[in-house]
file model_13.txt (compact mmCIF, C-alpha atoms)
# COMPACT_ATOMS: atom_id res chain seq x y z
CA MET C 1 23.04 -17.38 10.87
CA SER C 2 23.82 -18.19 7.24
CA GLN C 3 24.38 -14.72 5.82
CA ASP C 4 27.66 -13.03 6.69
CA LEU C 5 27.11 -9.28 6.55
CA SER C 6 30.74 -8.31 7.05
CA GLY C 7 31.51 -5.20 5.04
CA ARG C 8 27.84 -4.16 4.88
CA THR C 9 26.44 -1.04 6.52
CA VAL C 10 22.88 -1.10 7.82
CA VAL C 11 20.98 1.82 9.35
CA VAL C 12 18.47 0.88 12.05
CA ALA C 13 16.07 3.76 12.66
CA GLY C 14 14.33 3.48 16.00
CA SER C 15 17.20 1.44 17.37
CA THR C 16 16.53 1.72 21.10
CA SER C 17 13.06 0.15 21.03
CA ALA C 18 12.81 -3.52 21.96
CA ALA C 19 12.57 -4.38 18.27
CA GLY C 20 15.44 -2.07 17.44
CA VAL C 21 17.74 -3.57 20.07
CA ALA C 22 16.96 -7.08 18.81
CA VAL C 23 17.66 -6.11 15.20
CA VAL C 24 20.87 -4.28 16.09
CA ASP C 25 22.09 -7.29 18.06
CA THR C 26 21.35 -9.75 15.24
CA LEU C 27 22.89 -7.60 12.51
CA SER C 28 25.95 -6.89 14.64
CA ARG C 29 26.51 -10.59 15.33
CA ALA C 30 26.22 -11.19 11.58
CA GLY C 31 29.17 -8.85 11.07
CA ALA C 32 27.42 -5.74 9.75
CA ARG C 33 28.48 -2.22 10.51
CA VAL C 34 25.34 -0.91 12.19
CA ALA C 35 24.30 2.72 12.43
CA ALA C 36 21.98 2.73 15.45
CA VAL C 37 19.78 5.83 15.15
CA ASP C 38 17.34 7.21 17.71
CA ILE C 39 16.35 10.47 19.36
CA LEU C 40 17.12 9.19 22.88
CA ALA C 41 20.78 10.10 23.44
CA ASP C 42 21.41 8.11 26.63
CA ARG C 43 19.93 4.93 25.20
CA VAL C 44 21.81 5.34 21.92
CA ARG C 45 25.10 5.67 23.81
CA GLU C 46 24.31 2.63 25.93
CA LEU C 47 23.39 0.52 22.91
CA SER C 48 26.39 1.47 20.79
CA ALA C 49 28.81 0.96 23.69
CA ALA C 50 27.82 -2.71 23.87
CA TYR C 51 29.17 -3.55 20.39
CA ASP C 52 32.41 -2.89 18.57
CA ASN C 53 30.68 -2.62 15.19
CA VAL C 54 27.71 -0.43 16.21
CA THR C 55 27.93 3.34 15.90
CA GLY C 56 25.28 5.43 17.60
CA TYR C 57 23.64 8.51 16.08
CA VAL C 58 21.17 10.83 17.79
CA CYS C 59 18.75 12.35 15.31
CA ASN C 60 15.24 13.77 15.09
CA LEU C 61 14.09 11.75 12.10
CA ALA C 62 11.08 14.03 11.61
CA ASP C 63 13.47 16.83 10.58
CA LEU C 64 14.55 16.36 6.95
CA GLN C 65 17.66 18.53 7.25
CA ALA C 66 18.74 16.60 10.33
CA VAL C 67 18.24 13.35 8.44
CA ASP C 68 20.23 14.60 5.44
CA ASP C 69 23.02 15.55 7.85
CA LEU C 70 22.75 12.11 9.45
CA ALA C 71 23.12 10.42 6.06
CA GLU C 72 26.28 12.39 5.35
CA SER C 73 27.71 11.47 8.75
CA VAL C 74 26.96 7.77 8.29
CA ARG C 75 28.58 7.75 4.85
CA HIS C 76 31.62 9.55 6.21
CA ASP C 77 31.96 7.24 9.22
CA LEU C 78 30.87 3.88 7.84
CA GLY C 79 30.70 4.15 4.06
CA PRO C 80 27.76 3.76 1.66
CA VAL C 81 24.64 2.27 3.20
CA ASP C 82 23.40 -1.18 2.16
CA GLY C 83 20.25 -1.34 4.24
CA LEU C 84 17.67 0.79 6.04
CA ILE C 85 15.46 -0.88 8.63
CA HIS C 86 12.75 1.54 9.73
CA LEU C 87 11.36 0.71 13.17
CA VAL C 88 10.12 4.15 14.22
CA GLY C 89 6.49 4.27 15.19
CA GLY C 90 4.06 4.12 18.05
CA TRP C 91 0.39 3.41 18.60
CA ARG C 92 -2.57 5.63 19.38
CA GLY C 93 -6.21 4.63 19.41
CA GLY C 94 -9.57 6.25 20.08
CA THR C 95 -13.21 5.44 20.58
CA GLY C 96 -14.84 5.18 17.18
CA ILE C 97 -14.31 7.52 14.26
CA LYS C 98 -15.21 10.67 16.20
CA GLY C 99 -12.71 9.67 18.88
CA GLN C 100 -9.74 9.93 16.48
CA THR C 101 -8.11 13.11 17.76
CA ASP C 102 -5.96 15.55 15.83
CA GLU C 103 -3.23 15.14 18.44
CA ASP C 104 -3.09 11.38 17.88
CA TRP C 105 -3.17 11.83 14.11
CA ASP C 106 -0.31 14.32 14.19
CA PHE C 107 1.74 12.03 16.44
CA LEU C 108 1.22 8.99 14.23
CA HIS C 109 1.73 10.86 10.98
CA THR C 110 5.01 12.30 12.23
CA SER C 111 6.43 9.25 13.99
CA VAL C 112 5.44 6.64 11.42
CA LEU C 113 5.18 8.32 8.02
CA THR C 114 7.31 11.47 8.15
CA THR C 115 10.30 9.62 9.59
CA LEU C 116 9.97 6.97 6.88
CA ARG C 117 9.75 9.54 4.09
CA ASN C 118 12.77 11.40 5.39
CA THR C 119 15.04 8.41 5.98
CA SER C 120 14.08 6.60 2.78
CA ARG C 121 14.79 9.68 0.66
CA ALA C 122 18.09 10.40 2.40
CA PHE C 123 19.39 6.85 1.92
CA TYR C 124 17.59 5.94 -1.32
CA ASP C 125 20.57 6.26 -3.67
CA ASP C 126 22.80 4.22 -1.36
CA VAL C 127 20.31 1.37 -1.04
CA ALA C 128 19.52 1.44 -4.77
CA ALA C 129 23.22 1.22 -5.68
CA SER C 130 24.14 -1.48 -3.17
CA PRO C 131 24.54 -5.05 -4.49
CA VAL C 132 22.35 -6.18 -1.57
CA GLY C 133 20.28 -3.03 -0.94
CA ARG C 134 17.37 -3.61 1.43
CA LEU C 135 14.74 -1.29 2.88
CA ALA C 136 12.19 -2.76 5.27
CA ILE C 137 9.43 -1.49 7.52
CA VAL C 138 7.13 -3.20 10.01
CA SER C 139 3.42 -2.75 9.41
CA ALA C 140 0.31 -4.11 11.07
CA GLN C 141 -2.46 -6.45 10.03
CA SER C 142 -4.86 -3.63 10.84
CA ALA C 143 -3.60 -1.67 7.82
CA SER C 144 -5.61 -4.04 5.61
CA SER C 145 -8.41 -4.73 8.12
CA PRO C 146 -8.92 -1.45 10.00
CA THR C 147 -11.30 -0.89 12.89
CA ALA C 148 -13.10 2.30 13.79
CA ASP C 149 -11.19 2.56 17.08
CA GLY C 150 -7.84 2.24 15.32
CA ALA C 151 -8.67 4.27 12.22
CA ALA C 152 -5.84 6.78 12.49
CA TYR C 153 -3.21 4.14 13.23
CA ALA C 154 -4.36 1.88 10.39
CA ALA C 155 -4.55 4.78 7.92
CA VAL C 156 -1.00 5.95 8.66
CA LYS C 157 0.37 2.40 8.55
CA SER C 158 -1.37 1.89 5.21
CA ALA C 159 0.25 5.07 3.90
CA ALA C 160 3.67 3.85 5.09
CA GLU C 161 3.11 0.60 3.23
CA CYS C 162 2.16 2.52 0.10
CA TRP C 163 5.34 4.61 0.33
CA THR C 164 7.46 1.49 0.76
CA LEU C 165 5.87 -0.26 -2.21
CA ALA C 166 6.51 2.87 -4.27
CA MET C 167 10.16 2.60 -3.24
CA ALA C 168 10.06 -0.98 -4.49
CA ASP C 169 8.81 0.25 -7.85
CA GLY C 170 11.66 2.75 -7.93
CA PHE C 171 14.18 -0.04 -7.40
CA ARG C 172 12.48 -2.12 -10.08
CA LEU C 173 12.56 0.69 -12.62
CA ARG C 174 16.16 1.52 -11.82
CA HIS C 175 17.24 -1.94 -12.93
CA ARG C 176 14.70 -2.45 -15.71
CA GLY C 177 14.44 1.06 -17.15
CA SER C 178 14.92 1.95 -20.81
CA GLU C 179 17.75 4.39 -20.16
CA ARG C 180 20.31 1.75 -19.34
CA PRO C 181 21.02 -1.88 -20.24
CA LEU C 182 18.97 -4.42 -18.33
CA SER C 183 20.61 -5.68 -15.17
CA ALA C 184 19.71 -8.14 -12.46
CA GLN C 185 17.77 -6.48 -9.69
CA HIS C 186 19.76 -6.28 -6.47
CA SER C 187 17.80 -3.84 -4.28
CA ALA C 188 14.46 -4.46 -2.60
CA ALA C 189 11.92 -2.63 -0.45
CA LEU C 190 9.44 -4.70 1.53
CA VAL C 191 6.92 -4.72 4.35
CA PHE C 192 6.87 -7.10 7.30
CA VAL C 193 3.31 -7.54 8.54
CA VAL C 194 2.53 -8.45 12.15
CA LYS C 195 -0.46 -8.33 14.46
CA ALA C 196 1.80 -6.70 17.05
CA LEU C 197 5.27 -7.21 18.50
CA VAL C 198 6.09 -8.66 21.90
CA ASP C 199 9.28 -8.88 23.96
CA ASP C 200 10.43 -10.33 27.27
CA ARG C 201 9.79 -7.10 29.18
CA MET C 202 6.16 -7.07 28.05
CA ARG C 203 5.74 -10.70 29.11
CA ALA C 204 7.29 -10.00 32.52
CA ALA C 205 4.97 -7.05 33.05
CA ARG C 206 1.89 -9.11 32.14
CA PRO C 207 2.70 -12.74 33.10
CA GLU C 208 -0.97 -13.69 32.96
CA ARG C 209 -1.32 -12.62 29.33
CA LYS C 210 -0.64 -15.01 26.43
CA PHE C 211 -0.20 -12.40 23.67
CA PRO C 212 -1.89 -14.60 21.03
CA GLY C 213 -0.81 -13.91 17.47
CA PHE C 214 1.95 -11.51 18.53
CA THR C 215 5.39 -11.78 16.93
CA ASP C 216 8.45 -11.86 19.16
CA VAL C 217 11.05 -9.21 18.38
CA SER C 218 13.64 -11.98 17.97
CA VAL C 219 11.63 -13.38 15.05
CA LEU C 220 11.60 -9.95 13.44
CA ALA C 221 15.36 -9.64 13.93
CA ASP C 222 15.99 -13.02 12.30
CA ALA C 223 13.74 -12.04 9.39
CA VAL C 224 15.63 -8.77 8.89
CA HIS C 225 18.87 -10.72 8.75
CA ARG C 226 17.42 -13.25 6.33
CA ILE C 227 16.25 -10.74 3.71
CA PHE C 228 19.88 -9.98 2.86
CA ASP C 229 20.22 -13.63 1.80
CA LEU C 230 17.12 -13.71 -0.42
CA GLU C 231 16.94 -12.68 -4.08
CA ALA C 232 15.84 -9.07 -4.45
CA GLU C 233 13.21 -9.92 -7.07
CA GLN C 234 11.74 -12.49 -4.69
CA ILE C 235 10.96 -9.98 -1.96
CA ASN C 236 10.81 -6.56 -3.65
CA GLY C 237 7.40 -4.98 -3.25
CA GLN C 238 6.14 -7.81 -1.06
CA ARG C 239 4.03 -7.69 2.09
CA LEU C 240 5.43 -10.58 4.11
CA PRO C 241 3.36 -11.81 7.05
CA LEU C 242 5.82 -12.49 9.83
CA THR C 243 4.61 -15.48 11.78
CA THR C 244 6.39 -17.36 14.51
CA GLY C 245 9.67 -18.66 13.16
CA HIS C 246 9.35 -17.90 9.46
CA LEU C 247 8.42 -15.52 6.69
CA ALA C 248 5.06 -16.58 5.31
CA GLY C 249 5.12 -17.02 1.56
CA VAL C 250 8.91 -17.19 1.28
CA PRO C 251 10.56 -20.58 0.78
CA ALA C 252 12.73 -21.68 3.67
call {"tool": "encode", "arguments": {"input": "model_13.txt", "output": "structure tokens"}}
result
Amino acid sequence: MSQDLSGRTVVVAGSTSAAGVAVVDTLSRAGARVAAVDILADRVRELSAAYDNVTGYVCNLADLQAVDDLAESVRHDLGPVDGLIHLVGGWRGGTGIKGQTDEDWDFLHTSVLTTLRNTSRAFYDDVAASPVGRLAIVSAQSASSPTADGAAYAAVKSAAECWTLAMADGFRLRHRGSERPLSAQHSAALVFVVKALVDDRMRAARPERKFPGFTDVSVLADAVHRIFDLEAEQINGQRLPLTTGHLAGVPA
């Protein structure tokens, strides 16, 4: 690890998923103060107890007031936030366009998009003001190449990407706007793009499967760590395909 994150506070939303645990572990080992946020109280307590510099928070991220209260608690406990890594989501599919149910749509819209809107608004000013502010989400290749069976999932993921890129424009305008002197951009919002994520538990459950094109959660975690060491202008507003071992399109 090249980037020391000591003194930085990073919120990981969806922290008890396999991806969340990997990201929390990597950021913690890099020295960051990590706010591990999830709705599953037992798993949050277990995760935070494993690290001295990880503080657990139980929150329904679909509830804006709860998220605003969370933001106040994190600031009080850990200080201003430097990064928000949004890993809340889920997958639902159907059979063709007519098989896209309202129940699946509501689930995806709430878990993927509503949680992103709430957390990004609650922590926006912190990330925008930080000298290394970073906001990142994980999206899917299907957002730009949707199928009929995955229409709802792809549509919601596409909307989440759109919201994130709008955040990137907000960061850009904040540093380049006419109301203040020009300053070097130091905050960035970006999208990691994967086919799907895979972890050791998935491999153990399906030893016969090769998971072609999937991205290991450890690769995602390393990429999250690395974005704090890249220039904000280099990654702000970018969709970065996350392939095995590196960020496509970003110099090593």
call {"tool": "residues_around", "arguments": {"input": "model_13.txt", "residues": "Arg8 in chain C", "least_positions_apart": "6", "cutoff": "9 Å", "atoms": "all atoms listed in the file", "output": "PyMOL selection string"}}
result
chain C and resi 31-34+79-83+132
call {"tool": "atom_distance", "arguments": {"input": "model_13.txt", "atom1": "CA of Asp63 in chain C", "atom2": "CA of Gly99 in chain C"}}
result
28.4 Å
call {"tool": "closest_residue", "arguments": {"input": "model_13.txt", "among": "C:Leu113, C:Leu78, C:Leu87, C:Ala168", "to": "Ala18 in chain C", "atoms": "only C-alpha atoms"}}
result
C:Leu87
call {"tool": "residues_near_point", "arguments": {"input": "model_13.txt", "point": "(34.8, -2.9, 14.4)", "cutoff": "12 Å", "atoms": "all atoms listed in the file", "output": "PyMOL selection string"}}
result
chain C and resi 6-9+28-29+31-34+48-55+77-78
call {"tool": "atom_distance", "arguments": {"input": "model_13.txt", "atom1": "CA of Pro207 in chain C", "atom2": "CA of Leu220 in chain C"}}
result
21.8 Å
call {"tool": "closest_residue", "arguments": {"input": "model_13.txt", "among": "C:Leu84, C:Leu190, C:Val12, C:Ala19", "to": "Gly56 in chain C", "atoms": "only C-alpha atoms"}}
result
C:Val12
call {"tool": "decode", "arguments": {"input": "model_13.txt", "residues": "range 194-249 of chain C", "atoms": "C-alpha atoms", "output": "PDB file, in the first residue's frame"}}
result
ATOM      1  CA  VAL C 194     -17.610  -4.574 -13.088  1.00  0.00           C
ATOM      2  CA  LYS C 195     -19.385  -7.511 -14.665  1.00  0.00           C
ATOM      3  CA  ALA C 196     -20.039  -8.813 -11.151  1.00  0.00           C
ATOM      4  CA  LEU C 197     -18.125  -9.292  -7.913  1.00  0.00           C
ATOM      5  CA  VAL C 198     -16.858 -12.583  -6.526  1.00  0.00           C
ATOM      6  CA  ASP C 199     -15.402 -13.629  -3.173  1.00  0.00           C
ATOM      7  CA  ASP C 200     -13.969 -16.745  -1.550  1.00  0.00           C
ATOM      8  CA  ARG C 201     -17.311 -17.806  -0.072  1.00  0.00           C
ATOM      9  CA  MET C 202     -18.916 -17.786  -3.520  1.00  0.00           C
ATOM     10  CA  ARG C 203     -16.059 -19.864  -4.920  1.00  0.00           C
ATOM     11  CA  ALA C 204     -16.331 -22.370  -2.065  1.00  0.00           C
ATOM     12  CA  ALA C 205     -20.066 -22.719  -2.618  1.00  0.00           C
ATOM     13  CA  ARG C 206     -19.606 -23.316  -6.364  1.00  0.00           C
ATOM     14  CA  PRO C 207     -16.159 -24.948  -6.780  1.00  0.00           C
ATOM     15  CA  GLU C 208     -17.034 -26.126 -10.280  1.00  0.00           C
ATOM     16  CA  ARG C 209     -17.723 -22.591 -11.510  1.00  0.00           C
ATOM     17  CA  LYS C 210     -14.981 -20.381 -12.989  1.00  0.00           C
ATOM     18  CA  PHE C 211     -16.743 -17.009 -12.610  1.00  0.00           C
ATOM     19  CA  PRO C 212     -15.316 -15.663 -15.900  1.00  0.00           C
ATOM     20  CA  GLY C 213     -15.005 -11.899 -16.058  1.00  0.00           C
ATOM     21  CA  PHE C 214     -15.930 -11.431 -12.398  1.00  0.00           C
ATOM     22  CA  THR C 215     -13.896  -9.054 -10.229  1.00  0.00           C
ATOM     23  CA  ASP C 216     -12.642 -10.265  -6.864  1.00  0.00           C
ATOM     24  CA  VAL C 217     -13.641  -8.085  -3.924  1.00  0.00           C
ATOM     25  CA  SER C 218      -9.955  -7.725  -3.024  1.00  0.00           C
ATOM     26  CA  VAL C 219      -9.350  -5.997  -6.363  1.00  0.00           C
ATOM     27  CA  LEU C 220     -12.181  -3.588  -5.618  1.00  0.00           C
ATOM     28  CA  ALA C 221     -10.734  -2.896  -2.169  1.00  0.00           C
ATOM     29  CA  ASP C 222      -7.296  -2.129  -3.607  1.00  0.00           C
ATOM     30  CA  ALA C 223      -8.888   0.168  -6.192  1.00  0.00           C
ATOM     31  CA  VAL C 224     -10.801   2.055  -3.490  1.00  0.00           C
ATOM     32  CA  HIS C 225      -7.551   2.569  -1.619  1.00  0.00           C
ATOM     33  CA  ARG C 226      -5.747   3.705  -4.753  1.00  0.00           C
ATOM     34  CA  ILE C 227      -8.196   6.463  -5.708  1.00  0.00           C
ATOM     35  CA  PHE C 228      -7.053   8.473  -2.695  1.00  0.00           C
ATOM     36  CA  ASP C 229      -3.586   8.554  -4.266  1.00  0.00           C
ATOM     37  CA  LEU C 230      -4.716   9.699  -7.722  1.00  0.00           C
ATOM     38  CA  GLU C 231      -5.285  13.288  -8.840  1.00  0.00           C
ATOM     39  CA  ALA C 232      -8.919  14.307  -8.454  1.00  0.00           C
ATOM     40  CA  GLU C 233      -9.117  15.732 -11.980  1.00  0.00           C
ATOM     41  CA  GLN C 234      -7.829  12.433 -13.344  1.00  0.00           C
ATOM     42  CA  ILE C 235     -10.702  10.384 -11.957  1.00  0.00           C
ATOM     43  CA  ASN C 236     -13.568  12.820 -11.350  1.00  0.00           C
ATOM     44  CA  GLY C 237     -16.604  11.919 -13.417  1.00  0.00           C
ATOM     45  CA  GLN C 238     -14.970   8.773 -14.778  1.00  0.00           C
ATOM     46  CA  ARG C 239     -16.424   5.307 -15.314  1.00  0.00           C
ATOM     47  CA  LEU C 240     -13.473   3.067 -14.539  1.00  0.00           C
ATOM     48  CA  PRO C 241     -13.697  -0.560 -15.661  1.00  0.00           C
ATOM     49  CA  LEU C 242     -12.265  -2.603 -12.819  1.00  0.00           C
ATOM     50  CA  THR C 243     -10.436  -5.549 -14.297  1.00  0.00           C
ATOM     51  CA  THR C 244      -8.269  -8.064 -12.539  1.00  0.00           C
ATOM     52  CA  GLY C 245      -5.436  -6.253 -10.821  1.00  0.00           C
ATOM     53  CA  HIS C 246      -5.828  -2.729 -12.177  1.00  0.00           C
ATOM     54  CA  LEU C 247      -8.037   0.200 -13.049  1.00  0.00           C
ATOM     55  CA  ALA C 248      -8.525   0.224 -16.797  1.00  0.00           C
ATOM     56  CA  GLY C 249      -7.686   3.570 -18.336  1.00  0.00           C
TER      57      GLY C 249
END
